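*Asks:* Below is query-v1.txt; it holds compact mmCIF, C-alpha atoms.
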# COMPACT_ATOMS: atom_id res chain seq x y z
CA MET A 1217 86.43 -7.53 -1.13
CA THR A 1218 87.39 -8.90 -4.54
CA PHE A 1219 86.98 -12.54 -5.39
CA THR A 1220 87.35 -14.78 -8.43
CA LYS A 1221 83.99 -15.63 -9.93
CA THR A 1222 84.90 -19.05 -11.33
CA THR A 1223 81.36 -19.57 -12.63
CA GLU A 1224 82.02 -16.75 -15.13
CA GLN A 1225 85.50 -17.78 -16.22
CA SER A 1226 86.02 -18.85 -19.81
CA SER A 1227 85.19 -22.45 -20.64
CA ASN A 1228 87.95 -25.02 -20.85
CA TYR A 1229 86.64 -25.77 -24.33
CA ASP A 1230 86.51 -23.58 -27.42
CA HIS A 1231 84.99 -23.68 -30.89
CA LEU A 1232 81.97 -25.55 -29.54
CA GLU A 1233 80.09 -24.89 -32.76
CA LYS A 1234 82.64 -27.00 -34.62
CA MET A 1235 82.20 -30.06 -32.39
CA SER A 1236 80.11 -33.03 -33.45
CA ILE A 1237 77.11 -34.01 -31.35
CA SER A 1238 79.11 -36.91 -29.95
CA GLU A 1239 81.98 -34.60 -28.99
CA LEU A 1240 79.60 -32.13 -27.36
CA LEU A 1241 77.89 -34.79 -25.29
CA THR A 1242 81.15 -36.46 -24.28
CA ASN A 1243 82.72 -33.20 -23.19
CA ILE A 1244 79.63 -32.04 -21.28
CA ASN A 1245 79.60 -35.37 -19.48
CA LYS A 1246 83.31 -35.05 -18.74
CA GLU A 1247 82.66 -31.70 -17.06
CA ASP A 1248 79.64 -33.04 -15.18
CA GLN A 1249 81.81 -35.66 -13.48
CA ILE A 1250 83.54 -32.84 -11.60
CA VAL A 1251 80.34 -31.98 -9.73
CA PRO A 1252 79.90 -34.86 -7.23
CA LYS A 1253 83.56 -34.65 -6.29
CA ALA A 1254 83.16 -30.94 -5.57
CA VAL A 1255 80.01 -31.62 -3.52
CA LYS A 1256 81.88 -34.26 -1.50
CA LYS A 1257 84.40 -31.63 -0.41
CA SER A 1258 81.51 -29.53 0.92
CA ILE A 1259 79.94 -32.24 3.09
CA PRO A 1260 81.33 -30.74 6.33
CA GLN A 1261 79.60 -27.45 5.49
CA ILE A 1262 76.39 -29.22 4.51
CA LYS A 1263 76.41 -31.15 7.79
CA ILE A 1264 76.64 -27.97 9.85
CA LEU A 1265 73.71 -26.36 8.03
CA VAL A 1266 71.55 -29.50 8.18
CA ASN A 1267 72.08 -29.65 11.95
CA GLN A 1268 70.71 -26.12 12.17
CA VAL A 1269 67.73 -26.92 9.96
CA VAL A 1270 66.83 -30.10 11.87
CA ALA A 1271 67.01 -28.30 15.21
CA LYS A 1272 64.72 -25.49 14.07
CA LEU A 1273 62.19 -27.77 12.39
CA LYS A 1274 62.01 -29.95 15.48
CA GLN A 1275 61.08 -26.81 17.38
CA GLY A 1276 58.25 -26.03 14.96
CA GLY A 1277 60.17 -23.81 12.56
CA ARG A 1278 60.23 -23.83 8.78
CA LEU A 1279 62.82 -23.93 6.00
CA PHE A 1280 62.85 -21.33 3.23
CA TYR A 1281 64.86 -21.44 0.01
CA ILE A 1282 65.23 -18.10 -1.77
CA GLY A 1283 66.90 -17.32 -5.07
CA ALA A 1284 66.54 -16.11 -8.64
CA GLY A 1285 66.52 -17.78 -12.05
CA THR A 1286 67.73 -21.38 -12.13
CA SER A 1287 68.72 -21.21 -8.47
CA GLY A 1288 65.26 -20.08 -7.43
CA ARG A 1289 63.58 -22.73 -9.55
CA LEU A 1290 65.75 -25.47 -8.04
CA GLY A 1291 64.72 -24.37 -4.56
CA ILE A 1292 61.06 -24.50 -5.55
CA VAL A 1293 61.49 -27.98 -7.03
CA ASP A 1294 63.08 -29.33 -3.87
CA ALA A 1295 60.52 -27.70 -1.58
CA SER A 1296 57.56 -28.86 -3.66
CA GLU A 1297 58.70 -32.48 -3.50
CA CYS A 1298 58.80 -32.64 0.31
CA PRO A 1299 55.03 -32.97 0.93
CA PRO A 1300 54.39 -35.85 -1.50
CA THR A 1301 57.63 -37.65 -0.62
CA PHE A 1302 57.59 -37.27 3.14
CA GLY A 1303 53.98 -36.39 3.96
CA VAL A 1304 54.86 -33.06 5.55
CA PRO A 1305 52.74 -29.87 5.38
CA HIS A 1306 53.21 -27.68 2.31
CA ASP A 1307 54.40 -24.80 4.46
CA LEU A 1308 57.21 -26.70 6.19
CA VAL A 1309 59.70 -26.28 3.33
CA MET A 1310 59.04 -23.43 0.90
CA GLY A 1311 60.80 -22.11 -2.18
CA ILE A 1312 60.61 -18.43 -3.07
CA MET A 1313 62.09 -16.88 -6.19
CA ALA A 1314 62.61 -13.40 -7.56
CA GLY A 1315 59.67 -12.37 -9.71
CA GLY A 1316 57.20 -14.66 -7.96
CA ASP A 1317 55.47 -17.74 -9.34
CA GLN A 1318 55.25 -16.29 -12.85
CA ALA A 1319 59.06 -16.39 -12.97
CA ILE A 1320 59.06 -20.17 -12.62
CA ARG A 1321 58.29 -20.51 -16.33
CA LYS A 1322 59.33 -17.16 -17.75
CA ALA A 1323 62.12 -14.85 -16.63
CA VAL A 1324 61.01 -11.59 -15.01
CA GLU A 1325 63.43 -8.88 -16.08
CA PHE A 1326 65.58 -7.32 -13.35
CA ALA A 1327 63.68 -9.09 -10.55
CA GLU A 1328 66.94 -10.50 -9.21
CA ASP A 1329 68.40 -7.00 -8.88
CA SER A 1330 66.04 -5.88 -6.13
CA THR A 1331 67.61 -5.37 -2.70
CA THR A 1332 64.28 -5.15 -0.84
CA GLN A 1333 61.83 -7.55 -2.49
CA GLY A 1334 63.27 -10.74 -1.01
CA TRP A 1335 62.60 -9.63 2.54
CA LYS A 1336 59.09 -8.49 1.54
CA ASP A 1337 58.48 -11.93 0.02
CA LEU A 1338 59.52 -13.61 3.28
CA GLN A 1339 57.37 -11.28 5.36
CA ALA A 1340 54.33 -12.53 3.47
CA PHE A 1341 54.94 -15.83 5.29
CA ASN A 1342 55.40 -14.23 8.72
CA ILE A 1343 59.08 -15.15 8.79
CA SER A 1344 60.53 -15.33 12.30
CA THR A 1345 63.53 -16.48 14.33
CA ASN A 1346 61.94 -19.94 14.42
CA ASP A 1347 62.81 -20.37 10.74
CA VAL A 1348 65.88 -20.98 8.56
CA VAL A 1349 66.50 -19.16 5.27
CA ILE A 1350 68.87 -20.58 2.65
CA GLY A 1351 69.90 -18.29 -0.18
CA ILE A 1352 70.74 -20.00 -3.47
CA ALA A 1353 72.88 -18.29 -6.11
CA ALA A 1354 75.57 -19.87 -8.24
CA SER A 1355 77.40 -16.57 -8.64
CA GLY A 1356 76.98 -15.62 -4.99
CA THR A 1357 76.30 -12.03 -6.03
CA THR A 1358 72.55 -11.97 -6.78
CA PRO A 1359 71.22 -8.86 -4.96
CA TYR A 1360 67.82 -10.46 -4.30
CA ALA A 1361 69.43 -13.32 -2.36
CA VAL A 1362 72.30 -11.43 -0.71
CA SER A 1363 70.13 -8.58 0.58
CA THR A 1364 67.57 -11.02 1.96
CA LEU A 1365 70.17 -12.89 3.99
CA GLN A 1366 71.58 -9.61 5.25
CA LYS A 1367 68.15 -8.61 6.54
CA CYS A 1368 67.61 -12.06 8.04
CA ASN A 1369 70.90 -11.74 9.92
CA GLN A 1370 69.79 -8.39 11.30
CA GLU A 1371 66.54 -10.00 12.49
CA GLY A 1372 68.31 -12.92 14.17
CA ILE A 1373 67.12 -15.52 11.65
CA ILE A 1374 69.47 -18.40 10.85
CA THR A 1375 70.89 -18.10 7.34
CA GLY A 1376 72.62 -20.55 5.02
CA CYS A 1377 73.50 -20.49 1.35
CA ILE A 1378 74.40 -22.65 -1.62
CA THR A 1379 76.84 -20.98 -3.99
CA CYS A 1380 79.66 -21.97 -6.31
CA ASN A 1381 82.05 -19.08 -5.72
CA GLU A 1382 84.33 -18.84 -2.70
CA LYS A 1383 84.42 -15.52 -0.82
CA SER A 1384 81.39 -14.29 -2.73
CA PRO A 1385 79.04 -11.79 -1.03
CA LEU A 1386 76.49 -14.55 -0.43
CA ALA A 1387 79.06 -16.92 1.07
CA ILE A 1388 80.33 -14.15 3.36
CA THR A 1389 76.83 -13.07 4.38
CA ALA A 1390 75.39 -16.50 5.24
CA LYS A 1391 76.03 -17.67 8.77
CA PHE A 1392 76.28 -21.26 7.52
CA PRO A 1393 77.55 -21.17 3.92
CA ILE A 1394 77.86 -24.09 1.53
CA VAL A 1395 80.33 -23.40 -1.27
CA VAL A 1396 80.70 -25.96 -4.06
CA VAL A 1397 83.39 -24.89 -6.51
CA VAL A 1398 82.77 -26.60 -9.85
CA GLY A 1399 84.88 -24.28 -12.02
CA PRO A 1400 84.07 -22.80 -15.43
CA GLU A 1401 80.99 -24.00 -17.29
CA PHE A 1402 81.13 -25.88 -20.60
CA VAL A 1403 79.33 -22.93 -22.17
CA THR A 1404 80.97 -19.92 -20.54
CA GLY A 1405 78.77 -18.46 -17.81
CA SER A 1406 75.90 -20.93 -18.25
CA SER A 1407 75.57 -21.73 -14.56
CA ARG A 1408 72.41 -23.77 -15.12
CA MET A 1409 74.85 -26.55 -16.03
CA LYS A 1410 77.50 -27.70 -13.51
CA ALA A 1411 76.58 -25.11 -10.90
CA GLY A 1412 72.90 -25.97 -11.21
CA THR A 1413 73.66 -29.67 -10.90
CA ALA A 1414 75.73 -29.01 -7.78
CA GLN A 1415 72.92 -26.98 -6.24
CA LYS A 1416 70.41 -29.74 -6.97
CA LEU A 1417 72.62 -32.37 -5.34
CA VAL A 1418 73.09 -30.24 -2.24
CA LEU A 1419 69.35 -29.53 -2.01
CA ASN A 1420 68.67 -33.26 -2.25
CA MET A 1421 71.06 -33.82 0.64
CA ILE A 1422 69.63 -31.06 2.83
CA SER A 1423 65.96 -31.99 2.49
CA THR A 1424 66.44 -35.77 2.51
CA ALA A 1425 68.77 -35.84 5.51
CA THR A 1426 66.48 -33.43 7.36
CA MET A 1427 63.34 -35.47 6.70
CA ILE A 1428 65.05 -38.68 7.77
CA GLN A 1429 66.17 -36.99 10.98
CA LEU A 1430 62.60 -35.84 11.55
CA GLY A 1431 61.40 -39.45 11.33
CA HIS A 1432 59.68 -39.48 7.96
CA VAL A 1433 61.61 -42.51 6.67
CA LYS A 1434 61.52 -45.98 8.21
CA GLY A 1435 64.23 -48.41 7.24
CA ASN A 1436 64.74 -47.04 3.75
CA LYS A 1437 61.07 -46.50 2.88
CA MET A 1438 58.98 -43.34 2.46
CA VAL A 1439 56.36 -44.44 4.96
CA ASP A 1440 54.72 -41.00 5.15
CA MET A 1441 54.47 -40.38 1.40
CA GLN A 1442 51.20 -39.00 0.07
CA LEU A 1443 49.20 -41.54 -1.93
CA SER A 1444 48.50 -39.06 -4.70
CA ASN A 1445 48.56 -41.36 -7.73
CA ASP A 1446 48.29 -45.02 -8.72
CA LYS A 1447 52.06 -45.49 -8.80
CA LEU A 1448 52.42 -44.37 -5.19
CA VAL A 1449 49.44 -46.44 -4.06
CA ASP A 1450 51.02 -49.51 -5.67
CA ARG A 1451 54.34 -48.69 -4.00
CA GLY A 1452 52.59 -48.39 -0.66
CA ILE A 1453 50.90 -51.76 -1.10
CA ARG A 1454 54.22 -53.41 -1.95
CA MET A 1455 55.84 -51.82 1.09
CA LEU A 1456 53.14 -53.26 3.36
CA VAL A 1457 53.35 -56.69 1.73
CA GLU A 1458 57.08 -56.74 2.43
CA GLU A 1459 56.97 -55.27 5.92
CA LEU A 1460 53.93 -57.08 7.31
CA ASP A 1461 54.19 -60.35 5.38
CA VAL A 1462 50.59 -60.09 4.17
CA ASN A 1463 49.15 -60.71 0.72
CA HIS A 1464 48.44 -58.00 -1.82
CA GLY A 1465 44.73 -57.89 -1.10
CA LYS A 1466 45.22 -57.47 2.63
CA ALA A 1467 47.82 -54.77 2.12
CA GLU A 1468 45.52 -52.91 -0.26
CA LYS A 1469 42.66 -52.95 2.26
CA LEU A 1470 44.93 -51.71 5.05
CA LEU A 1471 46.28 -48.89 2.94
CA LYS A 1472 42.81 -47.84 1.80
CA LYS A 1473 41.51 -47.87 5.37
CA TYR A 1474 44.34 -45.98 7.09
CA GLY A 1475 45.58 -43.73 4.27
CA SER A 1476 49.33 -44.10 4.76
CA VAL A 1477 51.93 -46.83 4.99
CA ARG A 1478 52.95 -45.79 8.49
CA LYS A 1479 49.40 -45.71 9.88
CA ALA A 1480 48.45 -48.98 8.19
CA SER A 1481 51.56 -50.71 9.50
CA GLU A 1482 51.12 -49.43 13.05
CA ALA A 1483 47.42 -50.35 13.13
CA HIS A 1484 48.05 -53.85 11.82
CA ARG A 1485 50.79 -54.53 14.37
CA LYS A 1486 48.66 -53.16 17.19
CA ASN A 1487 45.71 -55.31 16.18
CA ALA A 1488 47.96 -58.36 16.01
CA GLU A 1489 49.25 -57.69 19.53
CA ASN A 1490 45.70 -57.39 20.90
CA ARG A 1491 44.54 -60.68 19.50
Output the structure of this file as structure tokens.
*Replies:*
Amino acid sequence: MTFTKTTEQSSNYDHLEKMSISELLTNINKEDQIVPKAVKKSIPQIKILVNQVVAKLKQGGRLFYIGAGTSGRLGIVDASECPPTFGVPHDLVMGIMAGGDQAIRKAVEFAEDSTTQGWKDLQAFNISTNDVVIGIAASGTTPYAVSTLQKCNQEGIITGCITCNEKSPLAITAKFPIVVVVGPEFVTGSSRMKAGTAQKLVLNMISTATMIQLGHVKGNKMVDMQLSNDKLVDRGIRMLVEELDVNHGKAEKLLKKYGSVRKASEAHRKNAENR
């Protein structure tokens, strides 16, 4: 089936080298404003996939992002932020990219062209029907991602995708596709730009909505966040001061004793009730 790969179409701008810095920045920003509007149109698709993810994770499953290049790196970024932000295990949401961890910093030539390695990479984590696999590829044609979803489908594993081309192989393969059409890039074919931004926004929505549904946010606070640096410890103290109406010193002692905002808050309330 043929389709129009809008991510590879010629830019709406020409003679970029003749533009001033101000013109370049203004025009890039003008193009960037297209992205959130395109994402908004995809919310119904995002909702359907998030429902699938939440259901599987509530049953003890895991979420995998898999992709190559910028797409793979974005998946890794989103996955790696879930433990410190929401206090979940590191193996609950995982990002896998073509070429392995070394490809995070430096491109591994032709890694994205493999039609077997993606499934092998998932097998290393004992992938099963309890899990959800989301392929990420702006073009929607990356063999590493497409072939992996095809194999997942054969094995009865729920598949989703994030792509920026309608009717692409990835969009057709995924059981629950998300397609965000952002059009041609400012620099022709440079899908790290608008397409990458769109993917990042969608990933934010998937992981954040899922974690809220799983109970890792209370009110609007990250009550399960890991206290891994001074900034987060200070944030935790301020959260307890506000929630429990205690002074800074008391909040600091509670947080130090119980190790998380949630546990400190629950213990303090329980102690107050027993008095």
*Asks:* Using all atoms listed in the file, which residue out of A:Asn1490, A:Thr1345, A:Gln1318, A:Thr1426 lies closest to A:Asn1267?
*Replies:*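 Among the listed residues, A:Thr1426 lies closest to A:Asn1267.
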*Asks:* Looking at A:Asp1248, A:Glu1482, A:Asp1317, A:Glu1371, which one is nearest to A:Trp1335, with distances taken over only C-alpha atoms?
*Replies:*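 The shortest atom-to-atom distance to A:Trp1335 comes from A:Glu1371.
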*Asks:* I'd like the neighbourhood of A:Gln1268 as a ChimeraX atom specification, where a residue qualifies if any of its atoms comes within 12 Å (using all atoms listed in the file), though same-chain residues fewer than 2 positions away should be ignored.
*Replies:* /A:1261-1266,1270-1275,1277-1279,1346-1350,1373-1376,1391-1393,1422,1425-1426,1429
*Asks:* Go ahead and dump the residues you just picked, C-alpha atoms, as a PDB file, keeping the file's coordinate frame.
*Replies:*
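This went into part-v9.pdb:
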ATOM      1  CA  GLN A1261      79.600 -27.450   5.490  1.00  0.00           C
ATOM      2  CA  ILE A1262      76.390 -29.220   4.510  1.00  0.00           C
ATOM      3  CA  LYS A1263      76.410 -31.150   7.790  1.00  0.00           C
ATOM      4  CA  ILE A1264      76.640 -27.970   9.850  1.00  0.00           C
ATOM      5  CA  LEU A1265      73.710 -26.360   8.030  1.00  0.00           C
ATOM      6  CA  VAL A1266      71.550 -29.500   8.180  1.00  0.00           C
ATOM      7  CA  VAL A1270      66.830 -30.100  11.870  1.00  0.00           C
ATOM      8  CA  ALA A1271      67.010 -28.300  15.210  1.00  0.00           C
ATOM      9  CA  LYS A1272      64.720 -25.490  14.070  1.00  0.00           C
ATOM     10  CA  LEU A1273      62.190 -27.770  12.390  1.00  0.00           C
ATOM     11  CA  LYS A1274      62.010 -29.950  15.480  1.00  0.00           C
ATOM     12  CA  GLN A1275      61.080 -26.810  17.380  1.00  0.00           C
ATOM     13  CA  GLY A1277      60.170 -23.810  12.560  1.00  0.00           C
ATOM     14  CA  ARG A1278      60.230 -23.830   8.780  1.00  0.00           C
ATOM     15  CA  LEU A1279      62.820 -23.930   6.000  1.00  0.00           C
ATOM     16  CA  ASN A1346      61.940 -19.940  14.420  1.00  0.00           C
ATOM     17  CA  ASP A1347      62.810 -20.370  10.740  1.00  0.00           C
ATOM     18  CA  VAL A1348      65.880 -20.980   8.560  1.00  0.00           C
ATOM     19  CA  VAL A1349      66.500 -19.160   5.270  1.00  0.00           C
ATOM     20  CA  ILE A1350      68.870 -20.580   2.650  1.00  0.00           C
ATOM     21  CA  ILE A1373      67.120 -15.520  11.650  1.00  0.00           C
ATOM     22  CA  ILE A1374      69.470 -18.400  10.850  1.00  0.00           C
ATOM     23  CA  THR A1375      70.890 -18.100   7.340  1.00  0.00           C
ATOM     24  CA  GLY A1376      72.620 -20.550   5.020  1.00  0.00           C
ATOM     25  CA  LYS A1391      76.030 -17.670   8.770  1.00  0.00           C
ATOM     26  CA  PHE A1392      76.280 -21.260   7.520  1.00  0.00           C
ATOM     27  CA  PRO A1393      77.550 -21.170   3.920  1.00  0.00           C
ATOM     28  CA  ILE A1422      69.630 -31.060   2.830  1.00  0.00           C
ATOM     29  CA  ALA A1425      68.770 -35.840   5.510  1.00  0.00           C
ATOM     30  CA  THR A1426      66.480 -33.430   7.360  1.00  0.00           C
ATOM     31  CA  GLN A1429      66.170 -36.990  10.980  1.00  0.00           C
TER      32      GLN A1429
END
*Asks:* Choose the residue, out of A:Cys1377, A:Leu1290, A:Ile1343, A:Ala1323, that has the smallest atom-to-atom separation from A:Leu1308; count all atoms listed in the file.
*Replies:*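 Comparing A:Cys1377, A:Leu1290, A:Ile1343, A:Ala1323 against A:Leu1308, the winner is A:Ile1343.
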*Asks:* List the spatial neighbours of A:Asp1337 as a PyMOL selection string - criterion: any atom at most 9 Å away, all atoms listed in the file, same-chain residues fewer than 2 positions off excluded.
*Replies:* chain A and resi 1312-1314+1316+1332-1335+1339-1341
*Asks:* Produce a file of the selected residues containing C-alpha atoms, as a PDB file, in the frame of the given file.
*Replies:*
ATOM      1  CA  ILE A1312      60.610 -18.430  -3.070  1.00  0.00           C
ATOM      2  CA  MET A1313      62.090 -16.880  -6.190  1.00  0.00           C
ATOM      3  CA  ALA A1314      62.610 -13.400  -7.560  1.00  0.00           C
ATOM      4  CA  GLY A1316      57.200 -14.660  -7.960  1.00  0.00           C
ATOM      5  CA  THR A1332      64.280  -5.150  -0.840  1.00  0.00           C
ATOM      6  CA  GLN A1333      61.830  -7.550  -2.490  1.00  0.00           C
ATOM      7  CA  GLY A1334      63.270 -10.740  -1.010  1.00  0.00           C
ATOM      8  CA  TRP A1335      62.600  -9.630   2.540  1.00  0.00           C
ATOM      9  CA  GLN A1339      57.370 -11.280   5.360  1.00  0.00           C
ATOM     10  CA  ALA A1340      54.330 -12.530   3.470  1.00  0.00           C
ATOM     11  CA  PHE A1341      54.940 -15.830   5.290  1.00  0.00           C
TER      12      PHE A1341
END
*Asks:* In Å, how far is it from atom CA of A:Arg1485 to atom CA of A:Ala1467?
*Replies:*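 Atom CA of A:Arg1485 sits 12.6 Å away from atom CA of A:Ala1467.
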*Asks:* Show which residues sit within 8 Å of stretch 1471-1475 of chain A, as a PyMOL selection string. Count all atoms listed in the file, and ignore same-chain residues fewer than 4 positions away.
*Replies:* chain A and resi 1443+1452-1453+1467+1479-1480
*Asks:* Please complete stretch 1471-1490 of chain A with N, CA and C atoms and give it back as a PDB file, in the frame of the given file.
*Replies:*
ATOM      1  N   LEU A1471      45.866 -50.197   3.431  1.00  0.00           N
ATOM      2  CA  LEU A1471      46.280 -48.890   2.940  1.00  0.00           C
ATOM      3  C   LEU A1471      45.068 -48.000   2.667  1.00  0.00           C
ATOM      4  N   LYS A1472      44.034 -48.592   2.096  1.00  0.00           N
ATOM      5  CA  LYS A1472      42.810 -47.840   1.800  1.00  0.00           C
ATOM      6  C   LYS A1472      42.136 -47.377   3.092  1.00  0.00           C
ATOM      7  N   LYS A1473      42.172 -48.191   4.103  1.00  0.00           N
ATOM      8  CA  LYS A1473      41.510 -47.870   5.370  1.00  0.00           C
ATOM      9  C   LYS A1473      42.246 -46.784   6.154  1.00  0.00           C
ATOM     10  N   TYR A1474      43.583 -46.876   6.213  1.00  0.00           N
ATOM     11  CA  TYR A1474      44.340 -45.980   7.090  1.00  0.00           C
ATOM     12  C   TYR A1474      45.019 -44.814   6.360  1.00  0.00           C
ATOM     13  N   GLY A1475      45.131 -44.888   5.039  1.00  0.00           N
ATOM     14  CA  GLY A1475      45.580 -43.730   4.270  1.00  0.00           C
ATOM     15  C   GLY A1475      47.061 -43.477   4.169  1.00  0.00           C
ATOM     16  N   SER A1476      47.883 -44.241   4.892  1.00  0.00           N
ATOM     17  CA  SER A1476      49.330 -44.100   4.760  1.00  0.00           C
ATOM     18  C   SER A1476      49.994 -45.407   5.170  1.00  0.00           C
ATOM     19  N   VAL A1477      51.190 -45.614   4.672  1.00  0.00           N
ATOM     20  CA  VAL A1477      51.930 -46.830   4.990  1.00  0.00           C
ATOM     21  C   VAL A1477      52.209 -46.904   6.486  1.00  0.00           C
ATOM     22  N   ARG A1478      52.628 -45.802   7.068  1.00  0.00           N
ATOM     23  CA  ARG A1478      52.950 -45.790   8.490  1.00  0.00           C
ATOM     24  C   ARG A1478      51.721 -46.151   9.337  1.00  0.00           C
ATOM     25  N   LYS A1479      50.605 -45.479   9.089  1.00  0.00           N
ATOM     26  CA  LYS A1479      49.400 -45.710   9.880  1.00  0.00           C
ATOM     27  C   LYS A1479      48.873 -47.128   9.692  1.00  0.00           C
ATOM     28  N   ALA A1480      48.923 -47.625   8.474  1.00  0.00           N
ATOM     29  CA  ALA A1480      48.450 -48.980   8.190  1.00  0.00           C
ATOM     30  C   ALA A1480      49.321 -50.004   8.906  1.00  0.00           C
ATOM     31  N   SER A1481      50.628 -49.788   8.859  1.00  0.00           N
ATOM     32  CA  SER A1481      51.560 -50.710   9.500  1.00  0.00           C
ATOM     33  C   SER A1481      51.372 -50.720  11.013  1.00  0.00           C
ATOM     34  N   GLU A1482      51.277 -49.532  11.601  1.00  0.00           N
ATOM     35  CA  GLU A1482      51.120 -49.430  13.050  1.00  0.00           C
ATOM     36  C   GLU A1482      49.806 -50.051  13.522  1.00  0.00           C
ATOM     37  N   ALA A1483      48.728 -49.805  12.765  1.00  0.00           N
ATOM     38  CA  ALA A1483      47.420 -50.350  13.130  1.00  0.00           C
ATOM     39  C   ALA A1483      47.409 -51.868  13.048  1.00  0.00           C
ATOM     40  N   HIS A1484      48.019 -52.400  11.994  1.00  0.00           N
ATOM     41  CA  HIS A1484      48.050 -53.850  11.820  1.00  0.00           C
ATOM     42  C   HIS A1484      48.835 -54.519  12.941  1.00  0.00           C
ATOM     43  N   ARG A1485      49.961 -53.958  13.298  1.00  0.00           N
ATOM     44  CA  ARG A1485      50.790 -54.530  14.370  1.00  0.00           C
ATOM     45  C   ARG A1485      50.062 -54.447  15.719  1.00  0.00           C
ATOM     46  N   LYS A1486      49.383 -53.341  15.943  1.00  0.00           N
ATOM     47  CA  LYS A1486      48.660 -53.160  17.190  1.00  0.00           C
ATOM     48  C   LYS A1486      47.515 -54.162  17.304  1.00  0.00           C
ATOM     49  N   ASN A1487      46.812 -54.335  16.190  1.00  0.00           N
ATOM     50  CA  ASN A1487      45.710 -55.310  16.180  1.00  0.00           C
ATOM     51  C   ASN A1487      46.216 -56.721  16.414  1.00  0.00           C
ATOM     52  N   ALA A1488      47.384 -57.019  15.848  1.00  0.00           N
ATOM     53  CA  ALA A1488      47.960 -58.360  16.010  1.00  0.00           C
ATOM     54  C   ALA A1488      48.343 -58.609  17.469  1.00  0.00           C
ATOM     55  N   GLU A1489      48.841 -57.567  18.132  1.00  0.00           N
ATOM     56  CA  GLU A1489      49.250 -57.690  19.530  1.00  0.00           C
ATOM     57  C   GLU A1489      48.039 -57.896  20.459  1.00  0.00           C
ATOM     58  N   ASN A1490      46.905 -57.324  20.060  1.00  0.00           N
ATOM     59  CA  ASN A1490      45.700 -57.390  20.900  1.00  0.00           C
ATOM     60  C   ASN A1490      44.886 -58.651  20.709  1.00  0.00           C
TER      61      ASN A1490
END
